[in-house]
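Enquirer: Got a file for you: model.cif, mmCIF, C-alpha atoms.
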data_input
#
loop_
_atom_site.label_atom_id
_atom_site.label_comp_id
_atom_site.auth_asym_id
_atom_site.auth_seq_id
_atom_site.Cartn_x
_atom_site.Cartn_y
_atom_site.Cartn_z
CA MET A 143 1.94 -4.30 21.18
CA GLU A 144 5.51 -5.53 21.03
CA THR A 145 7.99 -2.67 20.80
CA ARG A 146 11.43 -2.42 19.24
CA THR A 147 14.18 0.18 19.19
CA LEU A 148 14.04 2.38 16.11
CA GLY A 149 17.68 2.15 15.16
CA ARG A 150 19.99 4.95 16.17
CA THR A 151 17.10 7.16 17.26
CA GLY A 152 16.96 5.14 20.47
CA ARG A 153 13.18 5.50 20.46
CA SER A 154 10.92 2.58 21.26
CA VAL A 155 8.09 2.03 18.77
CA GLY A 156 5.39 -0.58 18.25
CA VAL A 157 6.24 -3.13 15.57
CA VAL A 158 3.20 -2.15 13.48
CA GLY A 159 2.97 1.55 12.66
CA LEU A 160 0.82 3.52 10.25
CA GLY A 161 1.79 4.75 6.81
CA CYS A 162 0.01 8.04 6.14
CA TRP A 163 0.40 8.45 2.38
CA GLN A 164 -3.29 7.61 1.96
CA LEU A 165 -4.27 10.51 4.19
CA GLY A 166 -2.65 12.95 1.77
CA GLY A 167 -3.65 11.65 -1.63
CA SER A 168 -2.78 9.39 -4.56
CA TRP A 169 -5.01 6.60 -3.22
CA GLY A 170 -8.37 8.12 -4.06
CA GLU A 171 -10.11 10.66 -1.86
CA VAL A 172 -10.10 10.24 1.92
CA ALA A 173 -12.32 12.69 3.80
CA GLU A 174 -10.74 14.66 6.64
CA SER A 175 -13.04 13.07 9.22
CA ASP A 176 -12.12 9.61 7.93
CA ALA A 177 -8.41 10.43 8.04
CA LEU A 178 -8.65 11.59 11.65
CA GLY A 179 -10.65 8.46 12.43
CA VAL A 180 -7.86 6.31 11.00
CA LEU A 181 -5.28 8.07 13.18
CA ASP A 182 -7.45 7.73 16.27
CA ALA A 183 -8.17 4.03 15.66
CA ALA A 184 -4.52 3.24 15.00
CA VAL A 185 -3.27 4.91 18.17
CA ALA A 186 -6.04 3.32 20.22
CA ALA A 187 -4.89 -0.06 18.86
CA GLY A 188 -1.33 0.46 20.07
CA VAL A 189 0.33 2.15 17.09
CA THR A 190 3.09 4.54 18.20
CA PHE A 191 4.81 5.28 14.87
CA LEU A 192 3.35 7.43 12.08
CA ASP A 193 5.12 7.85 8.75
CA THR A 194 4.32 10.75 6.42
CA ALA A 195 6.01 13.09 3.92
CA ASP A 196 5.87 16.75 3.00
CA VAL A 197 4.56 15.91 -0.48
CA TYR A 198 1.68 13.67 0.55
CA GLY A 199 -1.22 15.81 -0.58
CA ASP A 200 1.18 18.78 -0.70
CA GLY A 201 1.35 18.70 3.10
CA ARG A 202 -2.22 17.55 3.80
CA SER A 203 -1.06 14.36 5.50
CA GLU A 204 1.30 16.31 7.78
CA ARG A 205 -1.37 18.87 8.60
CA LEU A 206 -3.90 16.17 9.50
CA ILE A 207 -1.37 14.52 11.79
CA GLY A 208 -0.64 17.93 13.32
CA ARG A 209 -4.33 18.46 14.00
CA PHE A 210 -4.59 14.99 15.53
CA LEU A 211 -1.64 15.69 17.82
CA ARG A 212 -3.22 18.95 18.98
CA GLU A 213 -6.52 17.21 19.69
CA ARG A 214 -4.82 14.23 21.33
CA PRO A 215 -1.94 15.62 23.38
CA ASP A 216 -1.93 12.35 25.31
CA ALA A 217 -0.96 10.38 22.20
CA ASP A 218 2.61 9.13 22.69
CA VAL A 219 3.73 8.73 19.09
CA THR A 220 6.85 9.17 17.00
CA VAL A 221 6.21 10.98 13.72
CA ALA A 222 8.58 10.46 10.83
CA THR A 223 8.32 12.70 7.80
CA LYS A 224 10.32 12.96 4.58
CA MET A 225 11.79 15.72 2.45
CA GLY A 226 13.39 16.14 -0.94
CA ARG A 227 10.61 15.41 -3.41
CA ARG A 228 9.55 19.06 -3.43
CA ALA A 229 12.63 19.76 -5.51
CA ASP A 230 11.72 20.66 -9.07
CA PRO A 231 13.63 19.44 -10.94
CA HIS A 232 14.43 16.52 -8.63
CA VAL A 233 18.19 16.56 -9.11
CA PRO A 234 21.14 16.08 -6.71
CA GLU A 235 22.00 19.79 -6.84
CA ALA A 236 18.65 20.59 -5.18
CA TYR A 237 19.71 18.81 -1.98
CA THR A 238 21.26 21.82 -0.26
CA ALA A 239 21.45 22.93 3.36
CA ALA A 240 19.20 25.92 2.61
CA ALA A 241 16.57 23.76 0.92
CA PHE A 242 16.65 21.27 3.79
CA ARG A 243 15.95 24.02 6.30
CA ASP A 244 13.12 25.45 4.22
CA TRP A 245 11.51 22.05 3.78
CA ALA A 246 11.94 21.17 7.45
CA ASP A 247 10.47 24.49 8.58
CA ARG A 248 7.40 23.81 6.43
CA SER A 249 7.01 20.36 7.97
CA ARG A 250 7.41 21.79 11.47
CA ARG A 251 4.60 24.25 10.76
CA ASN A 252 2.39 21.55 9.28
CA LEU A 253 2.92 19.22 12.21
CA GLY A 254 2.90 21.96 14.85
CA VAL A 255 6.19 20.93 16.44
CA GLN A 256 9.49 22.62 17.19
CA THR A 257 11.63 19.54 16.67
CA LEU A 258 10.83 16.89 14.09
CA ASP A 259 11.20 13.37 15.49
CA LEU A 260 12.71 11.89 12.34
CA VAL A 261 13.28 13.30 8.85
CA GLN A 262 14.02 10.96 5.95
CA LEU A 263 15.47 11.94 2.60
CA HIS A 264 12.69 10.90 0.23
CA CYS A 265 14.18 8.49 -2.31
CA PRO A 266 16.85 10.96 -3.43
CA PRO A 267 18.85 10.71 -6.66
CA PRO A 268 21.69 8.15 -6.33
CA ALA A 269 24.44 10.79 -6.30
CA VAL A 270 23.03 12.24 -3.05
CA TYR A 271 24.11 9.17 -1.08
CA ARG A 272 27.73 9.87 -2.01
CA THR A 273 27.68 13.59 -1.16
CA ASP A 274 29.30 14.35 2.18
CA GLU A 275 27.88 17.90 2.25
CA VAL A 276 24.33 16.49 2.34
CA PHE A 277 24.97 14.55 5.50
CA ASP A 278 26.98 17.38 7.05
CA ALA A 279 23.91 19.59 6.58
CA LEU A 280 21.65 17.00 8.20
CA ASP A 281 24.04 16.64 11.14
CA ALA A 282 23.95 20.41 11.61
CA MET A 283 20.14 20.39 11.70
CA VAL A 284 20.23 17.77 14.44
CA ASP A 285 22.71 19.90 16.37
CA ASP A 286 20.39 22.91 15.98
CA GLY A 287 17.36 21.03 17.28
CA ILE A 288 15.41 21.21 14.03
CA MET A 289 15.13 17.45 14.04
CA ALA A 290 16.02 14.75 16.52
CA GLY A 291 17.40 12.36 13.90
CA TYR A 292 17.46 11.56 10.22
CA GLY A 293 17.25 8.61 7.89
CA VAL A 294 16.85 7.76 4.23
CA SER A 295 13.95 6.27 2.31
CA VAL A 296 15.45 4.23 -0.53
CA GLU A 297 14.39 2.46 -3.71
CA THR A 298 17.19 -0.09 -4.05
CA CYS A 299 19.20 -2.41 -1.85
CA ALA A 300 22.40 -0.79 -3.10
CA GLU A 301 21.17 2.62 -1.92
CA ALA A 302 20.24 1.12 1.45
CA LEU A 303 23.72 -0.32 1.96
CA THR A 304 25.33 3.02 1.10
CA ALA A 305 23.05 4.83 3.56
CA ILE A 306 23.68 2.30 6.34
CA ALA A 307 27.41 3.03 6.08
CA ARG A 308 26.81 6.70 6.96
CA PRO A 309 27.38 7.10 10.73
CA GLY A 310 24.59 9.64 11.23
CA VAL A 311 21.85 7.69 9.47
CA ALA A 312 19.44 6.43 12.13
CA THR A 313 16.98 4.54 9.90
CA VAL A 314 16.51 3.18 6.41
CA GLN A 315 13.05 2.85 4.93
CA ILE A 316 12.77 0.22 2.20
CA ILE A 317 10.11 -1.78 0.39
CA LEU A 318 9.94 -5.14 2.14
CA ASN A 319 7.11 -7.63 1.78
CA ALA A 320 6.39 -11.18 0.62
CA PHE A 321 6.88 -9.93 -2.96
CA ARG A 322 10.20 -8.16 -2.17
CA LEU A 323 12.65 -10.54 -0.52
CA LYS A 324 15.95 -9.13 -1.77
CA PRO A 325 16.50 -6.88 1.32
CA LEU A 326 16.76 -10.06 3.42
CA GLU A 327 20.03 -10.99 1.73
CA ARG A 328 22.30 -8.08 2.72
CA VAL A 329 20.33 -5.03 3.83
CA LEU A 330 18.72 -6.34 6.99
CA PRO A 331 21.90 -8.03 8.27
CA ALA A 332 23.97 -4.89 7.57
CA ALA A 333 21.42 -2.67 9.31
CA ALA A 334 21.31 -4.93 12.36
CA GLU A 335 25.10 -4.95 12.60
CA ALA A 336 25.26 -1.15 12.33
CA GLY A 337 22.36 -0.50 14.70
CA VAL A 338 20.31 1.16 11.95
CA GLY A 339 16.53 0.83 12.12
CA ILE A 340 14.57 -0.72 9.26
CA ILE A 341 11.19 0.79 8.39
CA ALA A 342 9.36 -1.63 6.07
CA ARG A 343 7.14 0.18 3.61
CA VAL A 344 4.63 -1.00 0.96
CA PRO A 345 4.08 -4.06 3.17
CA LEU A 346 0.94 -5.19 1.37
CA ALA A 347 2.23 -4.47 -2.14
CA SER A 348 -0.29 -1.66 -2.65
CA GLY A 349 -3.10 -3.92 -1.48
CA LEU A 350 -2.26 -7.03 -3.51
CA LEU A 351 -1.36 -8.84 -0.29
CA SER A 352 -4.68 -7.94 1.28
CA GLY A 353 -6.19 -10.78 -0.76
CA ARG A 354 -9.11 -8.58 -1.79
CA TYR A 355 -8.29 -8.07 -5.48
CA ASP A 356 -8.85 -10.09 -8.61
CA VAL A 357 -7.91 -9.39 -12.21
CA THR A 358 -11.11 -7.36 -12.74
CA THR A 359 -10.42 -4.94 -9.86
CA THR A 360 -10.15 -1.29 -10.93
CA PHE A 361 -9.03 1.82 -9.08
CA ALA A 362 -9.95 5.50 -9.22
CA ALA A 363 -8.24 7.75 -11.76
CA ASP A 364 -6.46 9.67 -8.96
CA ASP A 365 -5.13 6.44 -7.40
CA HIS A 366 -1.48 5.63 -8.20
CA ARG A 367 -2.55 2.04 -8.82
CA THR A 368 -4.15 3.45 -11.95
CA PHE A 369 -1.82 6.25 -13.02
CA ASN A 370 1.57 4.71 -12.07
CA ARG A 371 1.20 1.14 -13.34
CA ASN A 372 4.22 1.59 -15.57
CA GLY A 373 6.12 4.19 -13.54
CA GLU A 374 4.59 7.20 -15.29
CA ALA A 375 4.67 9.42 -12.15
CA PHE A 376 7.39 7.90 -9.93
CA ASP A 377 9.32 4.67 -9.48
CA VAL A 378 7.13 1.79 -10.60
CA GLY A 379 8.36 -0.24 -7.63
CA GLU A 380 6.15 1.86 -5.36
CA THR A 381 3.03 0.52 -7.13
CA PHE A 382 2.28 -3.17 -6.50
CA SER A 383 5.98 -3.47 -5.56
CA GLY A 384 6.77 -3.45 -9.27
CA VAL A 385 4.93 -6.75 -9.83
CA PRO A 386 2.58 -6.96 -12.85
CA PHE A 387 -0.94 -6.78 -11.45
CA GLU A 388 -2.20 -10.08 -12.87
CA VAL A 389 0.91 -11.91 -11.61
CA GLY A 390 0.49 -10.37 -8.17
CA VAL A 391 -3.16 -11.39 -7.95
CA ALA A 392 -2.29 -15.02 -8.72
CA ALA A 393 0.64 -15.08 -6.29
CA ALA A 394 -1.45 -13.44 -3.56
CA ARG A 395 -3.96 -16.27 -3.89
CA GLU A 396 -1.23 -18.73 -3.01
CA ILE A 397 -0.04 -16.55 -0.11
CA ALA A 398 -3.61 -16.54 1.21
CA ALA A 399 -3.67 -20.33 1.20
CA LEU A 400 -0.57 -20.41 3.42
CA GLY A 401 -2.45 -18.52 6.12
CA GLU A 402 -4.93 -21.34 6.69
CA GLY A 403 -7.71 -18.99 7.75
CA THR A 404 -5.59 -16.07 8.97
CA PRO A 405 -6.57 -12.89 7.08
CA THR A 406 -4.14 -12.49 4.20
CA ALA A 407 -3.10 -8.96 5.16
CA ALA A 408 -2.42 -10.01 8.75
CA PHE A 409 -0.36 -12.98 7.55
CA ALA A 410 1.65 -10.73 5.22
CA LEU A 411 2.31 -8.19 7.98
CA ARG A 412 3.28 -10.89 10.48
CA TRP A 413 5.77 -12.24 7.93
CA ILE A 414 7.50 -8.85 7.89
CA VAL A 415 7.48 -8.51 11.68
CA ASP A 416 9.18 -11.91 11.89
CA GLN A 417 12.17 -10.83 9.77
CA PRO A 418 15.25 -10.19 11.94
CA GLY A 419 16.30 -6.55 11.82
CA VAL A 420 12.89 -5.02 11.11
CA SER A 421 12.04 -2.18 13.50
CA VAL A 422 8.53 -1.29 12.32
CA VAL A 423 6.24 -2.03 9.40
CA ILE A 424 4.00 0.79 8.11
CA PRO A 425 0.80 -0.40 6.41
CA GLY A 426 -1.59 2.31 5.33
CA ALA A 427 -5.30 2.40 6.09
CA ARG A 428 -8.33 4.18 4.69
CA SER A 429 -10.66 3.35 7.59
CA GLY A 430 -10.52 2.77 11.31
CA GLU A 431 -11.42 -0.87 10.71
CA GLN A 432 -8.38 -1.35 8.48
CA ALA A 433 -6.12 0.39 10.99
CA ARG A 434 -7.29 -1.89 13.81
CA ALA A 435 -6.93 -5.01 11.67
CA ASN A 436 -3.39 -4.06 10.69
CA ALA A 437 -2.38 -3.43 14.30
CA ALA A 438 -3.83 -6.80 15.32
CA ALA A 439 -1.23 -8.55 13.14
CA ALA A 440 1.29 -7.82 15.89
CA ASP A 441 -0.68 -10.15 18.17
CA LEU A 442 -0.35 -13.17 15.88
CA PRO A 443 2.18 -15.83 16.83
CA PRO A 444 5.34 -15.98 14.72
CA LEU A 445 4.91 -17.89 11.47
CA ASP A 446 6.17 -21.46 11.43
CA ALA A 447 8.85 -22.87 9.17
CA THR A 448 6.32 -24.28 6.72
CA ALA A 449 4.72 -20.88 6.17
CA LEU A 450 8.08 -19.16 5.80
CA ALA A 451 9.21 -21.73 3.25
CA GLY A 452 5.92 -21.29 1.40
CA VAL A 453 6.48 -17.55 1.03
CA ARG A 454 9.95 -18.20 -0.36
CA ARG A 455 8.62 -20.79 -2.84
CA ILE A 456 5.89 -18.43 -4.11
CA TYR A 457 8.39 -15.61 -4.48
CA ASP A 458 10.81 -17.76 -6.43
CA GLU A 459 8.10 -19.17 -8.72
CA TRP A 460 6.01 -16.06 -9.39
CA ILE A 461 7.76 -12.86 -8.34
CA ARG A 462 11.55 -13.12 -8.53
CA PRO A 463 11.85 -12.73 -12.34
CA HIS A 464 9.96 -9.42 -12.22
CA VAL A 465 11.65 -7.63 -9.32
CA HIS A 466 14.79 -9.23 -7.91
CA HIS A 467 17.23 -7.81 -10.45
CA ARG A 468 15.69 -4.32 -10.44
CA TRP A 469 15.75 -3.18 -6.83
#
Would you mind writing the structure in this file as structure tokens?

Expert:
Amino acid sequence: METRTLGRTGRSVGVVGLGCWQLGGSWGEVAESDALGVLDAAVAAGVTFLDTADVYGDGRSERLIGRFLRERPDADVTVATKMGRRADPHVPEAYTAAAFRDWADRSRRNLGVQTLDLVQLHCPPPAVYRTDEVFDALDAMVDDGIMAGYGVSVETCAEALTAIARPGVATVQIILNAFRLKPLERVLPAAAEAGVGIIARVPLASGLLSGRYDVTTTFAADDHRTFNRNGEAFDVGETFSGVPFEVGVAAAREIAALGEGTPTAAFALRWIVDQPGVSVVIPGARSGEQARANAAAADLPPLDATALAGVRRIYDEWIRPHVHHRW
């Protein structure tokens, strides 16, 4: 698999990684054996970057990755986790040096490591980005060997640009897919100029860009695609990229036609890999088969100008009015 430098971490990672939210929860139940099978299949297919968070299944995702690492000490992977969403209430005042160390210690125990490869603030309140003490505390944790580097997972392009300007921020994680083109305008160029890595999340728009859904598709009650359709639990942009489901289904049909026989998910992932400034894209998977198929997108040739223009046209016609002004 092609590798790229993960921003200011200096680490080399495969361009297609694995998002591990599904292994924790909020996507319907995934058995432990299936979760470990996903991790094994992904790494066997060339994946070297795993993205998780301390709140995915209240630590279940981290613990499963930790078990995998113990059972596969030969696996050469970078594990990125996140912290901040354990704060209750989730307010700027909760982002303290003491809380950071408590959260990081819990993640270190879950993952079974002394030093965390990368810790990302998990979509913090906007005021956090402007608080020098927050980043001073993160710098101190790097100095103390608690983590090797830190980044920020953001909701909006404005937050991303603020984070990129911070000299210690190694990476920015942002929603980027064929239904979220706004980061191409300023975020990706600014990150490339600053040497900050871009981690592209929600690459398949919660499955819409897999091409497998129609307007009759339903999801389990414990799946965020059921319980967060209108942002009831967290930012609605994390579910179907904020696109109304019926609109997304119709637009995804047109995206599928652009692929001319290429699986829709692979086409959508390849589109992200082709965007200048992207370090790694992190599709999730609920089976080994899905993990292998996602990794195979890295082997596709770059999309041609006709396909790229087609994605832009579909976005402008179907998607832009619903998302471009919001994030």

Enquirer: Give as a count of residues only the set of residues within 12 Å of the point (-3.3, -14.3, -11.3), where distances use the file's coordinates and all atoms listed in the file.

Expert: 22

Enquirer: With all atoms listed in the file as the atoms that count, which of A:Val219, A:Leu178, A:Ala312, A:Ala246 lies nearest to A:Val155?

Expert: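 The shortest atom-to-atom distance to A:Val155 comes from A:Val219.
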
Enquirer: Residues proximal to (5.4, 7.6, -7.4) were defined as those with any atom within 10 Å of that point in the file's coordinates, counting only C-alpha atoms. Which are they, as an mmCIF file with C-alpha atoms, in the frame of the given file?

Expert:
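Output saved as part_11.cif:
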data_model
loop_
_atom_site.group_PDB
_atom_site.id
_atom_site.type_symbol
_atom_site.label_atom_id
_atom_site.label_comp_id
_atom_site.auth_asym_id
_atom_site.auth_seq_id
_atom_site.Cartn_x
_atom_site.Cartn_y
_atom_site.Cartn_z
ATOM 1 C CA SER A 168 -2.780 9.390 -4.560
ATOM 2 C CA HIS A 366 -1.480 5.630 -8.200
ATOM 3 C CA ARG A 367 -2.550 2.040 -8.820
ATOM 4 C CA PHE A 369 -1.820 6.250 -13.020
ATOM 5 C CA ASN A 370 1.570 4.710 -12.070
ATOM 6 C CA ARG A 371 1.200 1.140 -13.340
ATOM 7 C CA GLY A 373 6.120 4.190 -13.540
ATOM 8 C CA GLU A 374 4.590 7.200 -15.290
ATOM 9 C CA ALA A 375 4.670 9.420 -12.150
ATOM 10 C CA PHE A 376 7.390 7.900 -9.930
ATOM 11 C CA ASP A 377 9.320 4.670 -9.480
ATOM 12 C CA VAL A 378 7.130 1.790 -10.600
ATOM 13 C CA GLY A 379 8.360 -0.240 -7.630
ATOM 14 C CA GLU A 380 6.150 1.860 -5.360
ATOM 15 C CA THR A 381 3.030 0.520 -7.130
#

Enquirer: Taking the file as I've supplied it (selection: the PyMOL selection byres ((chain A and resi 446-450) around 10)), which residues are included? Please answer as a list in words.

Expert: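 Checking the PyMOL selection byres ((chain A and resi 446-450) around 10) against this file, the residues are Ala320, Ile397, Ala399, Leu400, Gly401, Glu402, Phe409, Trp413, Asp416, Pro443, Pro444, Leu445, Ala451, Gly452, Val453, Arg454 and Arg455 of chain A.
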
Enquirer: Check which residues of stretch 284-381 of chain A sit at most 10 Å from stretch 426-436 of chain A using all atoms listed in the file, and return one row each with the closest pair of atoms and their distance in Å to one decimal, ordered by chain and rising number, as CSV.

Expert:
residue,atom,partner,partner_atom,distance
A:Arg343,CA,A:Gly426,CA,9.1
A:Val344,CA,A:Gly426,CA,8.3
A:Pro345,CA,A:Gly426,CA,8.8
A:Leu346,CA,A:Gly426,CA,8.9
A:Ser348,CA,A:Gly426,CA,9.0
A:Gly349,CA,A:Gly426,CA,9.4

Enquirer: To one decimal place, how far is atom CA of A:Val284 from atom CA of A:Arg209 in Å?

Expert: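 Those two atoms sit 24.6 Å apart.
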
Enquirer: Using only C-alpha atoms, pick whichever of A:Gly156, A:Pro405, A:Gly166, A:Gly201 has the shortest atom-to-atom distance to A:Ala187.

Expert: A:Gly156

Enquirer: One number please: atom CA of A:Ala332 to atom CA of A:Val311, in Å, one decimal.

Expert: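 Atom-to-atom, atom CA of A:Ala332 and atom CA of A:Val311 are spaced 12.9 Å apart.
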
Enquirer: Residues at most 12 Å from A:Pro309, counting all atoms listed in the file, excluding those fewer than 2 positions away in the same chain, as a PyMOL selection string?

Expert: chain A and resi 149-150+274+277-278+280-281+291-293+304-307+311-313+333+336-338

Enquirer: Once the PyMOL selection byres ((chain A and resi 296) around 12) has been evaluated on this model, what residues remain selected, and can you format them as a count of residues only?

Expert: 39

Enquirer: Considering only C-alpha atoms, state which residue in the set A:Asp196, A:Gly208, A:Phe242, A:Glu171 is at the smallest distance from A:Phe361.

Expert: A:Glu171

Enquirer: Counting all atoms listed in the file, what is within 8 Å of A:Val276, bar same-chain residues fewer than 3 positions away, as a list in words?

Expert: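 Listed by chain and then number, they are Tyr237, Thr238, Ala239, Val270, Thr273, Ala279 and Leu280 of chain A.
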
Enquirer: If you apply the PyMOL selection byres ((chain A and resi 466-468) around 8) to this file, what residues do you get, as a PyMOL selection string?

Expert: chain A and resi 298+322-324+461-465+469

Enquirer: How would stretch 193-215 of chain A look with N, CA and C atoms restored, written as an mmCIF file, keeping the file's coordinate frame?

Expert:
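Output (rebuild_13.cif):
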data_model
loop_
_atom_site.group_PDB
_atom_site.id
_atom_site.type_symbol
_atom_site.label_atom_id
_atom_site.label_comp_id
_atom_site.auth_asym_id
_atom_site.auth_seq_id
_atom_site.Cartn_x
_atom_site.Cartn_y
_atom_site.Cartn_z
ATOM 1 N N ASP A 193 4.180 7.475 9.806
ATOM 2 C CA ASP A 193 5.120 7.850 8.750
ATOM 3 C C ASP A 193 4.390 8.683 7.700
ATOM 4 N N THR A 194 4.937 9.850 7.391
ATOM 5 C CA THR A 194 4.320 10.750 6.420
ATOM 6 C C THR A 194 5.406 11.365 5.545
ATOM 7 N N ALA A 195 5.047 12.369 4.759
ATOM 8 C CA ALA A 195 6.010 13.090 3.920
ATOM 9 C C ALA A 195 5.436 14.449 3.584
ATOM 10 N N ASP A 196 6.328 15.392 3.286
ATOM 11 C CA ASP A 196 5.870 16.750 3.000
ATOM 12 C C ASP A 196 5.108 16.853 1.689
ATOM 13 N N VAL A 197 5.259 15.856 0.809
ATOM 14 C CA VAL A 197 4.560 15.910 -0.480
ATOM 15 C C VAL A 197 3.267 15.103 -0.511
ATOM 16 N N TYR A 198 2.933 14.419 0.545
ATOM 17 C CA TYR A 198 1.680 13.670 0.550
ATOM 18 C C TYR A 198 0.513 14.648 0.622
ATOM 19 N N GLY A 199 -0.157 14.816 -0.525
ATOM 20 C CA GLY A 199 -1.220 15.810 -0.580
ATOM 21 C C GLY A 199 -0.700 17.215 -0.413
ATOM 22 N N ASP A 200 0.560 17.459 -0.827
ATOM 23 C CA ASP A 200 1.180 18.780 -0.700
ATOM 24 C C ASP A 200 1.132 19.278 0.746
ATOM 25 N N GLY A 201 1.337 18.350 1.683
ATOM 26 C CA GLY A 201 1.350 18.700 3.100
ATOM 27 C C GLY A 201 0.087 18.331 3.849
ATOM 28 N N ARG A 202 -0.948 17.881 3.134
ATOM 29 C CA ARG A 202 -2.220 17.550 3.800
ATOM 30 C C ARG A 202 -2.035 16.457 4.861
ATOM 31 N N SER A 203 -1.268 15.428 4.533
ATOM 32 C CA SER A 203 -1.060 14.360 5.500
ATOM 33 C C SER A 203 -0.389 14.892 6.763
ATOM 34 N N GLU A 204 0.651 15.710 6.602
ATOM 35 C CA GLU A 204 1.300 16.310 7.780
ATOM 36 C C GLU A 204 0.329 17.166 8.574
ATOM 37 N N ARG A 205 -0.457 17.975 7.879
ATOM 38 C CA ARG A 205 -1.370 18.870 8.600
ATOM 39 C C ARG A 205 -2.445 18.081 9.373
ATOM 40 N N LEU A 206 -2.919 16.990 8.799
ATOM 41 C CA LEU A 206 -3.900 16.170 9.500
ATOM 42 C C LEU A 206 -3.281 15.527 10.743
ATOM 43 N N ILE A 207 -2.057 15.069 10.616
ATOM 44 C CA ILE A 207 -1.370 14.520 11.790
ATOM 45 C C ILE A 207 -1.167 15.611 12.837
ATOM 46 N N GLY A 208 -0.789 16.819 12.389
ATOM 47 C CA GLY A 208 -0.640 17.930 13.320
ATOM 48 C C GLY A 208 -1.924 18.233 14.064
ATOM 49 N N ARG A 209 -3.040 18.232 13.341
ATOM 50 C CA ARG A 209 -4.330 18.460 14.000
ATOM 51 C C ARG A 209 -4.628 17.351 15.004
ATOM 52 N N PHE A 210 -4.369 16.108 14.619
ATOM 53 C CA PHE A 210 -4.590 14.990 15.530
ATOM 54 C C PHE A 210 -3.762 15.143 16.798
ATOM 55 N N LEU A 211 -2.503 15.533 16.653
ATOM 56 C CA LEU A 211 -1.640 15.690 17.820
ATOM 57 C C LEU A 211 -2.139 16.812 18.733
ATOM 58 N N ARG A 212 -2.679 17.881 18.144
ATOM 59 C CA ARG A 212 -3.220 18.950 18.980
ATOM 60 C C ARG A 212 -4.469 18.479 19.734
ATOM 61 N N GLU A 213 -5.290 17.684 19.061
ATOM 62 C CA GLU A 213 -6.520 17.210 19.690
ATOM 63 C C GLU A 213 -6.281 16.048 20.643
ATOM 64 N N ARG A 214 -5.151 15.373 20.472
ATOM 65 C CA ARG A 214 -4.820 14.230 21.330
ATOM 66 C C ARG A 214 -3.426 14.408 21.924
ATOM 67 N N PRO A 215 -3.267 15.392 22.811
ATOM 68 C CA PRO A 215 -1.940 15.620 23.380
ATOM 69 C C PRO A 215 -1.428 14.448 24.211
#
